[in-house]
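Novice: I have a structure I would like to understand better, so I am pasting it below and will then ask my questions one at a time.
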Amino acid sequence: MVETGKKIGWDRAEMAQKVAIDIPDGSYVNLGIGIPEMVADFVPEGRELIYQTENGLLGMGKVPEEGKEDRELVNAGKKCVTTIAGASYFHHADSFSMIRGGHIDVCVLGAMQVSEKGDLANWSTGAKNAIPAVGGAMDLVAGVKRIFVITQHVTKKGVPKIIEECTFPLTGKQVVESIYTDLAIIDVKKDGLFVREMGPNVDFDYLQKQTGVELNQYNK
Amino acid sequence: MVETGKKIGWDRAEMAQKVAIDIPDGSYVNLGIGIPEMVADFVPEGRELIYQTENGLLGMGKVPEEGKEDRELVNAGKKCVTTIAGASYFHHADSFSMIRGGHIDVCVLGAMQVSEKGDLANWSTGAKNAIPAVGGAMDLVAGVKRIFVITQHVTKKGVPKIIEECTFPLTGKQVVESIYTDLAIIDVKKDGLFVREMGPNVDFDYLQKQTGVELNQYNK
Amino acid sequence: MINKIVKTPAIAVNDIHDGATVMIGGFGEAGSPIELIHALIDQGAKNLTVVSNNTGSGNIGLAALIEHKRVKKMICSFPRTANSTVFPELYNAGEIELELVPQGTLAERIRAGGAGIPAFYTPASVNTPLAEGKESRVFNGVEFVLEYGIKADFALVKSAKADRYGNLLYHATARNFGPIMCTASKTAIVQSKSIVEAGEIDPETVVTPGIFVQRVVEITNPAHESELVANQMKYPW
Amino acid sequence: MINKIVKTPAIAVNDIHDGATVMIGGFGEAGSPIELIHALIDQGAKNLTVVSNNTGSGNIGLAALIEHKRVKKMICSFPRTANSTVFPELYNAGEIELELVPQGTLAERIRAGGAGIPAFYTPASVNTPLAEGKESRVFNGVEFVLEYGIKADFALVKSAKADRYGNLLYHATARNFGPIMCTASKTAIVQSKSIVEAGEIDPETVVTPGIFVQRVVEITNPAHESELVANQMKYPW
């Protein structure tokens, strides 16, 4: 039972922080567009992560100071960024060699749907008049060692995003390792989805009701 | 009939010069190890050729002055070279992208045997105890637009090198455009081998006797 | 003397023919060769197949080329931008074809085209709609899809520094598709912010060796796509 | 703090195990990581599969590794040199295996290994003995042969400049196989003539981004292979 009136679950910053804690020191990381980008703000003290952006930069730094933007120094979301000391530029084929070749340790992506098996749908609703646009998502899920998803637990209309089988076109099959939502952290295991942690004022029954597939608890 | 006592055919430098004359201004050229390297010494005045060496240099220059050699600035024959203004270095995969991708205009190679159809054998006699070593020859003949062969017309033992079918293992099939020997320049055409030019004191009958396959004359 | 420098964008794009396949560099605004694209609009070639990661912004650059119905087909990974309705409208009206390709596959297909590799296998898109109808094959227990190299008649690319041989340096993430597109096209046409003497570019730092470039035109003050879009400019103006 | 710098070649090659696949950079003398190879000889790993363009000169470097019977199999394009009898003797005695690969195919197979491409088609070697037993396929009327990516457990590579992240610059034609071997190996071990502070290498000029490198050791005065051979040196000395 979840009490009303209290804040339920985590806000976006807290979600990003949960992801950040799970990325080991020294990792090479690709952050998707949107909430995933916030992960960079919460790297625990003492850890050094190297950010790759698939449009040709390894060693992406912070957002530039106002007035110091370079329109041709951007991330995959086409926002202006900076470089760290020790950065490098490369062309697109080399960039995706890093990705496809398994050299990136962690990729954090948004999701429309995630299935019980770790299938991810995050590029198209399959709707008739939608312009299909895939970008680098399929290459990332196929090549990066660990895929973390960060997403609201349900859609704005309250429909579960974590479900038995994705109904939207897939980005990749059996690719997601863990799902970080506003309500919980859920690991994708061979024998199902396991809840690792729940947000403030979230209990298992409440979480299960917001989820389209049966959840499991560790040690139960 | 060829008169005795007179110099018959061309020497190596003259052979190299004949090749050089046939390479158009502005060409990108890869020169094989040995006699082919001499071609660079005979580029006609007013022409600019760019030399690629498959070990990662475009814009190879002359042999360095004595004492100025850099042991890590070498050509495919592992001899010290220099660079021209406007040169570039690249790794081996990029180098063979140039070659395989059809970006090199002309490659000049030595030969053990050339067939009537333009098949080339230049890497192995197929002998039992020989250590097979192929280098970049197969990539060059498969990728470069025009393959010129420069070779003695017959072996040291007097055996014809231009023959109906190669008996040695092939480097590539139907790849040679023209053959420059000490005796003649021969073009490989769909309907046979055509003699374009003969060396000093060489006549057609003599040439034919030194050749293991029927030769044709242009305009006959 | 080898000299690939031409005087104007108009001369540079003069022989792009109707029906040509044209690769256009850029990732969004970064590396987009706007002046060359505008010269191509002026030149008039149509029925083009364009290979480019995106479909342009606003009503300038690539979006303008599409808007003027010069493009029969787009091969790209992300034909959506927040600030352009040009492509979506034509696409929904059935007036432009789209071949949607995952970004890494697009990059590798272009590289393969330039490297003489007719086809290769990639894990990207397996088990998705983008692999439908494609050959697949299992290597060591993992499924891959067969993808083909792409070649083009022309490439339009933006560089930061060039010389008469066509050696190129790029600026920051404007590099993106430029180097591989130069390799995959018969005629690579480059607009460069500066042109320097041969030898001024350190051979250790050359990104695109001149062999891959056929024409270079100096555009010292290229327009900023985002500024043009913000000012609601439409090409031609 | 990420710091890939290790103090000695011995530490750098410490965990190379018996039976490992090891890529060794170099085209003849240029780019050959002699000090790392000698450390590997001292370390003792055997039954190695070595991927390298050549088989070494004299009785030092790669030739010495082979002479000490540490190498079970060579994958290379040109196992002949004017001044080494080490490989030919073992080969003719049936004591070392050879997989002969055209140089461009070798380079592309290494690149593919590093780029997550399991297999690709190339025109090189078609209709030759080196294509025998290999799958072939016709694309647009031209025959190609199927070749597979190569991965390695370790790479030994020589660079000119490095930083703690593993970013590398090379010198002249010593670059050759180094960059692609770093991408294709789980653990790329680099000996560098100098190590500089992070940020001293211009991001525009980095040849091997640090992500592909696991260990860097500074060797400020590497031996010259040709000098050692001329002096008839034998390793270990």
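Within each chain, counting starts at residue 1; across the structure tokens, chains are named A, B, ... in the order shown, with ligands numbered 1 upward in that order.
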Pick out each residue of segment 27-225 of chain C that DSSP on the backbone tags as strand (DSSP E); I need them as a compact mmCIF listing (two decimals) with all heavy atoms, in the first residue's frame.
Specialist:
```txt
# COMPACT_ATOMS: atom_id res chain seq x y z
N LEU C 48 17.58 13.20 -57.70
CA LEU C 48 18.79 12.79 -56.99
C LEU C 48 18.47 11.74 -55.93
O LEU C 48 17.39 11.77 -55.32
CB LEU C 48 19.44 14.00 -56.32
CG LEU C 48 19.80 15.17 -57.24
CD1 LEU C 48 20.27 16.36 -56.42
CD2 LEU C 48 20.87 14.76 -58.26
N THR C 49 19.40 10.84 -55.72
CA THR C 49 19.38 10.00 -54.52
C THR C 49 20.40 10.60 -53.58
O THR C 49 21.57 10.74 -53.94
CB THR C 49 19.76 8.54 -54.85
OG1 THR C 49 18.75 8.01 -55.71
CG2 THR C 49 19.85 7.71 -53.58
N VAL C 50 19.94 11.00 -52.40
CA VAL C 50 20.85 11.66 -51.46
C VAL C 50 21.12 10.74 -50.26
O VAL C 50 20.19 10.20 -49.67
CB VAL C 50 20.26 13.01 -50.99
CG1 VAL C 50 21.08 13.58 -49.82
CG2 VAL C 50 20.24 14.00 -52.15
N VAL C 51 22.39 10.58 -49.96
CA VAL C 51 22.82 9.83 -48.79
C VAL C 51 23.32 10.83 -47.77
O VAL C 51 24.32 11.53 -48.01
CB VAL C 51 23.95 8.85 -49.15
CG1 VAL C 51 24.35 8.02 -47.94
CG2 VAL C 51 23.57 7.96 -50.33
N VAL C 71 15.04 15.80 -54.85
CA VAL C 71 15.48 14.53 -54.27
C VAL C 71 14.39 13.48 -54.44
O VAL C 71 13.28 13.63 -53.94
CB VAL C 71 15.84 14.69 -52.78
CG1 VAL C 71 16.35 13.37 -52.21
CG2 VAL C 71 16.87 15.80 -52.60
N LYS C 72 14.73 12.41 -55.13
CA LYS C 72 13.81 11.30 -55.37
C LYS C 72 13.80 10.37 -54.16
O LYS C 72 12.78 9.84 -53.78
CB LYS C 72 14.33 10.55 -56.60
CG LYS C 72 13.48 9.41 -57.07
CD LYS C 72 14.16 8.72 -58.27
CE LYS C 72 15.49 8.10 -57.85
NZ LYS C 72 16.21 7.42 -58.94
N LYS C 73 14.98 10.21 -53.59
CA LYS C 73 15.12 9.22 -52.51
C LYS C 73 16.17 9.67 -51.51
O LYS C 73 17.23 10.17 -51.89
CB LYS C 73 15.54 7.88 -53.12
CG LYS C 73 15.73 6.76 -52.12
CD LYS C 73 16.15 5.47 -52.81
CE LYS C 73 16.38 4.37 -51.79
NZ LYS C 73 16.78 3.12 -52.46
N MET C 74 15.85 9.47 -50.23
CA MET C 74 16.82 9.74 -49.15
C MET C 74 17.28 8.41 -48.56
O MET C 74 16.46 7.55 -48.27
CB MET C 74 16.16 10.54 -48.02
CG MET C 74 16.01 12.02 -48.23
SD MET C 74 17.56 12.95 -48.45
CE MET C 74 18.55 12.36 -47.08
N ILE C 75 18.58 8.29 -48.37
CA ILE C 75 19.13 7.17 -47.61
C ILE C 75 19.73 7.78 -46.35
O ILE C 75 20.70 8.53 -46.43
CB ILE C 75 20.19 6.40 -48.42
CG1 ILE C 75 19.58 5.86 -49.72
CG2 ILE C 75 20.80 5.27 -47.58
CD1 ILE C 75 20.56 5.15 -50.63
N CYS C 76 19.10 7.53 -45.21
CA CYS C 76 19.56 8.21 -43.99
C CYS C 76 19.17 7.45 -42.75
O CYS C 76 18.43 6.47 -42.81
CB CYS C 76 19.03 9.64 -43.95
SG CYS C 76 17.27 9.75 -43.66
N GLU C 97 11.05 8.98 -51.55
CA GLU C 97 11.31 7.66 -50.99
C GLU C 97 12.28 7.78 -49.83
O GLU C 97 13.08 8.70 -49.76
CB GLU C 97 11.95 6.74 -52.03
CG GLU C 97 11.07 6.36 -53.20
CD GLU C 97 11.91 5.68 -54.27
OE1 GLU C 97 12.56 4.66 -53.97
OE2 GLU C 97 11.93 6.21 -55.40
N LEU C 98 12.21 6.78 -48.94
CA LEU C 98 13.12 6.76 -47.80
C LEU C 98 13.69 5.36 -47.62
O LEU C 98 12.95 4.38 -47.58
CB LEU C 98 12.37 7.15 -46.52
CG LEU C 98 13.12 6.94 -45.20
CD1 LEU C 98 14.33 7.85 -45.11
CD2 LEU C 98 12.18 7.17 -44.01
N GLU C 99 15.01 5.28 -47.55
CA GLU C 99 15.65 4.04 -47.11
C GLU C 99 16.28 4.34 -45.76
O GLU C 99 17.26 5.08 -45.66
CB GLU C 99 16.71 3.59 -48.13
CG GLU C 99 17.39 2.29 -47.71
CD GLU C 99 18.42 1.80 -48.73
OE1 GLU C 99 18.37 2.24 -49.90
OE2 GLU C 99 19.30 1.01 -48.33
N LEU C 100 15.66 3.79 -44.72
CA LEU C 100 16.13 4.07 -43.37
C LEU C 100 17.19 3.05 -42.96
O LEU C 100 16.96 1.85 -43.06
CB LEU C 100 14.94 3.99 -42.40
CG LEU C 100 15.24 4.48 -40.98
CD1 LEU C 100 15.42 5.98 -40.95
CD2 LEU C 100 14.12 4.05 -40.03
N ALA C 119 30.12 -6.11 -49.60
CA ALA C 119 29.13 -6.46 -48.58
C ALA C 119 29.82 -6.96 -47.32
O ALA C 119 30.95 -7.46 -47.39
CB ALA C 119 28.18 -7.54 -49.10
N PHE C 120 29.12 -6.82 -46.20
CA PHE C 120 29.67 -7.24 -44.90
C PHE C 120 28.50 -7.60 -43.99
O PHE C 120 27.34 -7.30 -44.29
CB PHE C 120 30.50 -6.10 -44.28
CG PHE C 120 29.69 -4.86 -44.04
CD1 PHE C 120 29.02 -4.65 -42.84
CD2 PHE C 120 29.55 -3.89 -45.04
CE1 PHE C 120 28.24 -3.52 -42.63
CE2 PHE C 120 28.77 -2.76 -44.84
CZ PHE C 120 28.11 -2.58 -43.64
N TYR C 121 28.82 -8.21 -42.88
CA TYR C 121 27.80 -8.59 -41.90
C TYR C 121 27.88 -7.70 -40.67
O TYR C 121 28.98 -7.38 -40.22
CB TYR C 121 27.99 -10.05 -41.50
CG TYR C 121 27.67 -11.01 -42.62
CD1 TYR C 121 28.66 -11.43 -43.50
CD2 TYR C 121 26.37 -11.46 -42.82
CE1 TYR C 121 28.37 -12.31 -44.54
CE2 TYR C 121 26.07 -12.33 -43.86
CZ TYR C 121 27.07 -12.75 -44.72
OH TYR C 121 26.77 -13.61 -45.76
N THR C 122 26.71 -7.33 -40.17
CA THR C 122 26.67 -6.51 -38.94
C THR C 122 25.57 -7.04 -38.02
O THR C 122 24.55 -7.54 -38.50
CB THR C 122 26.41 -5.02 -39.26
OG1 THR C 122 26.25 -4.30 -38.02
CG2 THR C 122 25.14 -4.82 -40.08
N SER C 136 20.32 -13.04 -43.54
CA SER C 136 21.02 -13.06 -42.26
C SER C 136 21.83 -14.34 -42.17
O SER C 136 21.63 -15.28 -42.94
CB SER C 136 20.04 -12.95 -41.10
OG SER C 136 19.38 -14.17 -40.90
N ARG C 137 22.75 -14.35 -41.24
CA ARG C 137 23.63 -15.50 -41.11
C ARG C 137 24.19 -15.56 -39.70
O ARG C 137 24.43 -14.52 -39.08
CB ARG C 137 24.78 -15.35 -42.12
CG ARG C 137 25.76 -16.49 -42.10
CD ARG C 137 26.52 -16.52 -43.40
NE ARG C 137 27.63 -17.44 -43.32
CZ ARG C 137 28.40 -17.76 -44.36
NH1 ARG C 137 28.17 -17.22 -45.53
NH2 ARG C 137 29.38 -18.60 -44.22
N VAL C 138 24.38 -16.75 -39.21
CA VAL C 138 24.88 -16.93 -37.85
C VAL C 138 26.38 -17.23 -37.89
O VAL C 138 26.83 -18.10 -38.63
CB VAL C 138 24.12 -18.10 -37.16
CG1 VAL C 138 24.74 -18.41 -35.81
CG2 VAL C 138 22.64 -17.73 -37.02
N PHE C 139 27.14 -16.45 -37.15
CA PHE C 139 28.56 -16.73 -36.95
C PHE C 139 28.77 -16.94 -35.45
O PHE C 139 28.38 -16.08 -34.65
CB PHE C 139 29.43 -15.55 -37.40
CG PHE C 139 29.35 -15.25 -38.88
CD1 PHE C 139 28.49 -14.26 -39.34
CD2 PHE C 139 30.14 -15.92 -39.80
CE1 PHE C 139 28.42 -13.96 -40.69
CE2 PHE C 139 30.07 -15.64 -41.15
CZ PHE C 139 29.21 -14.65 -41.60
N VAL C 142 25.85 -16.22 -33.11
CA VAL C 142 25.21 -14.90 -33.09
C VAL C 142 24.71 -14.57 -34.50
O VAL C 142 25.37 -14.88 -35.49
CB VAL C 142 26.22 -13.82 -32.63
CG1 VAL C 142 25.57 -12.44 -32.57
CG2 VAL C 142 26.81 -14.20 -31.28
N GLU C 143 23.54 -13.96 -34.56
CA GLU C 143 22.96 -13.65 -35.87
C GLU C 143 23.41 -12.27 -36.36
O GLU C 143 23.46 -11.31 -35.59
CB GLU C 143 21.44 -13.71 -35.78
CG GLU C 143 20.77 -13.68 -37.15
CD GLU C 143 19.26 -13.81 -37.05
OE1 GLU C 143 18.75 -14.25 -36.00
OE2 GLU C 143 18.58 -13.46 -38.04
N PHE C 144 23.73 -12.21 -37.63
CA PHE C 144 24.14 -10.96 -38.27
C PHE C 144 23.35 -10.77 -39.55
O PHE C 144 22.82 -11.73 -40.11
CB PHE C 144 25.64 -11.01 -38.61
CG PHE C 144 26.53 -11.10 -37.41
CD1 PHE C 144 26.82 -12.32 -36.82
CD2 PHE C 144 27.07 -9.94 -36.86
CE1 PHE C 144 27.64 -12.41 -35.71
CE2 PHE C 144 27.90 -10.01 -35.74
CZ PHE C 144 28.18 -11.25 -35.17
N VAL C 145 23.29 -9.54 -40.02
CA VAL C 145 22.57 -9.25 -41.25
C VAL C 145 23.58 -8.79 -42.31
O VAL C 145 24.58 -8.16 -41.99
CB VAL C 145 21.45 -8.20 -40.98
CG1 VAL C 145 22.04 -6.89 -40.52
CG2 VAL C 145 20.59 -7.98 -42.21
N LEU C 146 23.31 -9.18 -43.56
CA LEU C 146 24.20 -8.80 -44.65
C LEU C 146 23.85 -7.40 -45.15
O LEU C 146 22.69 -7.12 -45.46
CB LEU C 146 24.06 -9.81 -45.80
CG LEU C 146 24.97 -9.58 -47.02
CD1 LEU C 146 26.43 -9.85 -46.66
CD2 LEU C 146 24.55 -10.48 -48.18
N GLU C 147 24.83 -6.55 -45.20
CA GLU C 147 24.61 -5.17 -45.70
C GLU C 147 25.58 -4.89 -46.84
O GLU C 147 26.69 -5.42 -46.85
CB GLU C 147 24.82 -4.16 -44.57
CG GLU C 147 23.79 -4.24 -43.45
CD GLU C 147 22.46 -3.59 -43.79
OE1 GLU C 147 22.34 -3.01 -44.90
OE2 GLU C 147 21.54 -3.66 -42.96
N TYR C 148 25.18 -4.03 -47.74
CA TYR C 148 25.96 -3.77 -48.95
C TYR C 148 26.66 -2.41 -48.90
O TYR C 148 26.11 -1.44 -48.36
CB TYR C 148 25.03 -3.82 -50.16
CG TYR C 148 24.43 -5.18 -50.36
CD1 TYR C 148 23.24 -5.54 -49.73
CD2 TYR C 148 25.07 -6.14 -51.14
CE1 TYR C 148 22.70 -6.80 -49.87
CE2 TYR C 148 24.53 -7.41 -51.30
CZ TYR C 148 23.35 -7.74 -50.67
OH TYR C 148 22.82 -9.00 -50.80
N ALA C 152 28.74 6.49 -54.49
CA ALA C 152 28.00 7.64 -55.00
C ALA C 152 28.73 8.24 -56.19
O ALA C 152 29.93 8.02 -56.38
CB ALA C 152 27.83 8.69 -53.91
N ASP C 153 27.98 8.99 -56.98
CA ASP C 153 28.62 9.72 -58.07
C ASP C 153 29.37 10.93 -57.51
O ASP C 153 30.46 11.26 -57.96
CB ASP C 153 27.55 10.18 -59.06
CG ASP C 153 26.80 9.00 -59.66
OD1 ASP C 153 27.47 8.15 -60.28
OD2 ASP C 153 25.57 8.91 -59.49
N PHE C 154 28.75 11.59 -56.56
CA PHE C 154 29.35 12.81 -56.00
C PHE C 154 29.23 12.79 -54.47
O PHE C 154 28.33 12.17 -53.92
CB PHE C 154 28.62 14.05 -56.52
CG PHE C 154 28.74 14.23 -58.01
CD1 PHE C 154 27.81 13.66 -58.87
CD2 PHE C 154 29.80 14.95 -58.55
CE1 PHE C 154 27.93 13.81 -60.25
CE2 PHE C 154 29.93 15.10 -59.93
CZ PHE C 154 28.99 14.53 -60.78
N ALA C 155 30.13 13.51 -53.83
CA ALA C 155 29.97 13.80 -52.41
C ALA C 155 30.14 15.30 -52.23
O ALA C 155 30.96 15.93 -52.92
CB ALA C 155 31.01 13.06 -51.57
N LEU C 156 29.36 15.87 -51.34
CA LEU C 156 29.52 17.28 -50.95
C LEU C 156 29.93 17.27 -49.48
O LEU C 156 29.20 16.73 -48.63
CB LEU C 156 28.21 18.05 -51.12
CG LEU C 156 27.54 17.98 -52.50
CD1 LEU C 156 26.27 18.84 -52.52
CD2 LEU C 156 28.50 18.42 -53.60
N VAL C 157 31.09 17.84 -49.21
CA VAL C 157 31.67 17.72 -47.87
C VAL C 157 32.26 19.05 -47.44
O VAL C 157 32.70 19.85 -48.27
CB VAL C 157 32.77 16.61 -47.91
CG1 VAL C 157 33.69 16.68 -46.71
CG2 VAL C 157 32.11 15.23 -48.00
N LYS C 158 32.25 19.29 -46.14
CA LYS C 158 32.80 20.52 -45.59
C LYS C 158 34.06 20.22 -44.79
O LYS C 158 34.06 19.34 -43.93
CB LYS C 158 31.76 21.16 -44.67
CG LYS C 158 32.15 22.50 -44.08
CD LYS C 158 31.02 22.96 -43.17
CE LYS C 158 31.24 24.35 -42.62
NZ LYS C 158 30.11 24.72 -41.71
N SER C 159 35.12 20.95 -45.06
CA SER C 159 36.35 20.76 -44.29
C SER C 159 36.82 22.08 -43.70
O SER C 159 36.32 23.16 -44.06
CB SER C 159 37.45 20.13 -45.15
OG SER C 159 38.09 21.12 -45.94
N ALA C 160 37.81 21.99 -42.83
CA ALA C 160 38.35 23.20 -42.19
C ALA C 160 39.57 23.72 -42.93
O ALA C 160 39.81 24.92 -43.03
CB ALA C 160 38.71 22.89 -40.74
N LYS C 161 40.38 22.80 -43.45
CA LYS C 161 41.62 23.18 -44.10
C LYS C 161 41.89 22.20 -45.24
O LYS C 161 41.66 21.00 -45.09
CB LYS C 161 42.77 23.15 -43.09
CG LYS C 161 44.00 23.93 -43.50
CD LYS C 161 45.07 23.87 -42.43
CE LYS C 161 44.92 24.98 -41.38
NZ LYS C 161 46.14 25.09 -40.53
N ALA C 162 42.37 22.72 -46.35
CA ALA C 162 42.64 21.86 -47.50
C ALA C 162 43.86 22.40 -48.23
O ALA C 162 44.28 23.55 -48.02
CB ALA C 162 41.43 21.84 -48.43
N LEU C 168 42.76 16.97 -46.50
CA LEU C 168 41.78 17.68 -45.68
C LEU C 168 42.00 17.51 -44.18
O LEU C 168 42.35 16.43 -43.71
CB LEU C 168 40.36 17.17 -45.97
CG LEU C 168 39.85 17.18 -47.41
CD1 LEU C 168 38.40 16.68 -47.42
CD2 LEU C 168 39.94 18.57 -48.03
N LEU C 169 41.73 18.60 -43.46
CA LEU C 169 41.53 18.57 -42.00
C LEU C 169 40.10 19.03 -41.74
O LEU C 169 39.55 19.84 -42.50
CB LEU C 169 42.50 19.53 -41.29
CG LEU C 169 43.99 19.23 -41.42
CD1 LEU C 169 44.78 20.28 -40.65
CD2 LEU C 169 44.30 17.83 -40.89
N SER C 185 32.79 8.20 -53.14
CA SER C 185 32.20 8.88 -54.29
C SER C 185 33.23 9.05 -55.40
O SER C 185 34.42 9.22 -55.15
CB SER C 185 31.68 10.25 -53.86
OG SER C 185 32.74 11.01 -53.34
N LYS C 186 32.75 8.98 -56.63
CA LYS C 186 33.64 9.18 -57.79
C LYS C 186 34.23 10.58 -57.75
O LYS C 186 35.39 10.78 -58.02
CB LYS C 186 32.84 9.00 -59.08
CG LYS C 186 32.78 7.57 -59.57
CD LYS C 186 32.33 7.56 -61.04
CE LYS C 186 31.37 6.43 -61.30
NZ LYS C 186 29.95 6.80 -61.32
N THR C 187 33.38 11.56 -57.46
CA THR C 187 33.82 12.95 -57.43
C THR C 187 33.46 13.55 -56.08
O THR C 187 32.29 13.83 -55.82
CB THR C 187 33.15 13.75 -58.57
OG1 THR C 187 33.43 13.12 -59.82
CG2 THR C 187 33.65 15.19 -58.59
N ALA C 188 34.46 13.72 -55.24
CA ALA C 188 34.24 14.33 -53.94
C ALA C 188 34.51 15.83 -54.04
O ALA C 188 35.61 16.24 -54.42
CB ALA C 188 35.13 13.69 -52.88
N ILE C 189 33.49 16.61 -53.72
CA ILE C 189 33.58 18.06 -53.83
C ILE C 189 33.58 18.64 -52.42
O ILE C 189 32.67 18.36 -51.64
CB ILE C 189 32.38 18.61 -54.64
CG1 ILE C 189 32.31 17.91 -56.00
CG2 ILE C 189 32.46 20.12 -54.76
CD1 ILE C 189 31.01 18.17 -56.75
N VAL C 190 34.59 19.43 -52.12
CA VAL C 190 34.79 19.87 -50.74
C VAL C 190 34.77 21.39 -50.66
O VAL C 190 35.42 22.07 -51.44
CB VAL C 190 36.14 19.34 -50.21
CG1 VAL C 190 36.41 19.87 -48.80
CG2 VAL C 190 36.15 17.82 -50.22
N GLN C 191 34.00 21.92 -49.71
CA GLN C 191 34.12 23.35 -49.39
C GLN C 191 34.95 23.44 -48.13
O GLN C 191 34.68 22.79 -47.14
CB GLN C 191 32.76 24.02 -49.23
CG GLN C 191 31.92 23.59 -48.04
CD GLN C 191 30.72 24.50 -47.83
OE1 GLN C 191 29.74 24.46 -48.58
NE2 GLN C 191 30.78 25.34 -46.80
N SER C 192 35.99 24.28 -48.20
CA SER C 192 36.93 24.34 -47.08
C SER C 192 37.04 25.77 -46.57
O SER C 192 37.10 26.71 -47.35
CB SER C 192 38.31 23.84 -47.53
OG SER C 192 39.16 23.75 -46.42
N LYS C 193 37.08 25.90 -45.27
CA LYS C 193 37.18 27.23 -44.65
C LYS C 193 38.49 27.90 -45.04
O LYS C 193 38.56 29.11 -45.16
CB LYS C 193 37.08 27.07 -43.13
CG LYS C 193 36.74 28.36 -42.41
CD LYS C 193 36.34 28.10 -40.97
CE LYS C 193 36.33 29.38 -40.17
NZ LYS C 193 35.35 30.37 -40.70
N SER C 194 39.52 27.09 -45.24
CA SER C 194 40.75 27.70 -45.73
C SER C 194 41.47 26.73 -46.66
O SER C 194 41.27 25.52 -46.57
CB SER C 194 41.68 28.09 -44.56
OG SER C 194 42.24 26.94 -43.99
N ILE C 195 42.26 27.30 -47.54
CA ILE C 195 43.11 26.50 -48.42
C ILE C 195 44.54 26.97 -48.19
O ILE C 195 44.82 28.17 -48.23
CB ILE C 195 42.70 26.65 -49.90
CG1 ILE C 195 41.29 26.06 -50.10
CG2 ILE C 195 43.70 25.95 -50.81
CD1 ILE C 195 40.76 26.14 -51.52
N ARG C 215 37.71 17.93 -55.99
CA ARG C 215 37.59 19.39 -56.11
C ARG C 215 37.51 20.04 -54.74
O ARG C 215 36.84 19.52 -53.85
CB ARG C 215 36.32 19.77 -56.88
CG ARG C 215 36.34 19.31 -58.31
CD ARG C 215 35.00 19.53 -58.97
NE ARG C 215 34.91 18.65 -60.12
CZ ARG C 215 33.79 18.25 -60.69
NH1 ARG C 215 32.62 18.67 -60.22
NH2 ARG C 215 33.82 17.43 -61.72
N VAL C 216 38.15 21.19 -54.63
CA VAL C 216 38.10 21.95 -53.38
C VAL C 216 37.76 23.40 -53.71
O VAL C 216 38.34 23.99 -54.63
CB VAL C 216 39.48 21.94 -52.67
CG1 VAL C 216 39.42 22.75 -51.39
CG2 VAL C 216 39.93 20.51 -52.38
N VAL C 217 36.81 23.96 -52.98
CA VAL C 217 36.50 25.38 -53.16
C VAL C 217 36.56 26.05 -51.78
O VAL C 217 36.11 25.49 -50.79
CB VAL C 217 35.12 25.57 -53.84
CG1 VAL C 217 34.00 24.95 -53.04
CG2 VAL C 217 34.84 27.05 -54.10
N GLU C 218 37.16 27.23 -51.75
CA GLU C 218 37.32 27.91 -50.46
C GLU C 218 36.07 28.72 -50.14
O GLU C 218 35.60 29.53 -50.94
CB GLU C 218 38.54 28.84 -50.52
CG GLU C 218 38.96 29.36 -49.15
CD GLU C 218 40.29 30.11 -49.20
OE1 GLU C 218 40.51 30.85 -50.19
OE2 GLU C 218 41.09 29.95 -48.27
```
Novice: Extract, using only C-alpha atoms, all DNA, RNA and protein residues at most 7 Å from segment 89-106 of chain B, discarding same-chain residues fewer than 6 positions from it, and format them as a count of residues only.
Specialist: 33
Novice: Between C:Ala64, C:Val22, C:Leu90, C:Val206, which is the closest to chain D once you count only C-alpha atoms?
Specialist: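 The answer is C:Val206, which sits nearest to chain D.
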Novice: Between D:Tyr165, D:Phe87, D:Phe212, D:Phe27, single out the one closest to Ile66 of chain D, counting only C-alpha atoms.
Specialist: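 Under the stated criterion, the closest residue is D:Phe87.
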Novice: Find the spatial neighbours of Val229 of chain C, counting only C-alpha atoms, within a cut-off of 8 Å - ignore same-chain residues fewer than 5 positions away - and output them as a ChimeraX atom specification.
Specialist: /C:57-60
Novice: Please indicate the distance in Å from atom CA of Ala13 of chain B to atom CA of Asp182 of chain B, rounded to one decimal place.
Specialist: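 Interatomic distance, atom CA of Ala13 of chain B to atom CA of Asp182 of chain B: 9.8 Å.
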Novice: Work out how far apart atom CA of Lys18 of chain A and atom CA of Leu49 of chain A are and give it in Å to one decimal.
Specialist: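 The value is 15.3 Å.
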Novice: Neighbouring residues of Asn14 of chain D were defined as those with any atom within 9 Å, considering only C-alpha atoms; residues of the same chain fewer than 3 positions away were excluded. Please report them as a PyMOL selection string.
Specialist: chain D and resi 9-11+17+39-40+43
Novice: Neighbours of segment 185-194 of chain B within 6 Å (only C-alpha atoms; same-chain residues fewer than 2 positions away dropped), as a VMD selection string?
Specialist: chain B and resid 118 177 to 180 196 to 197 215 to 217
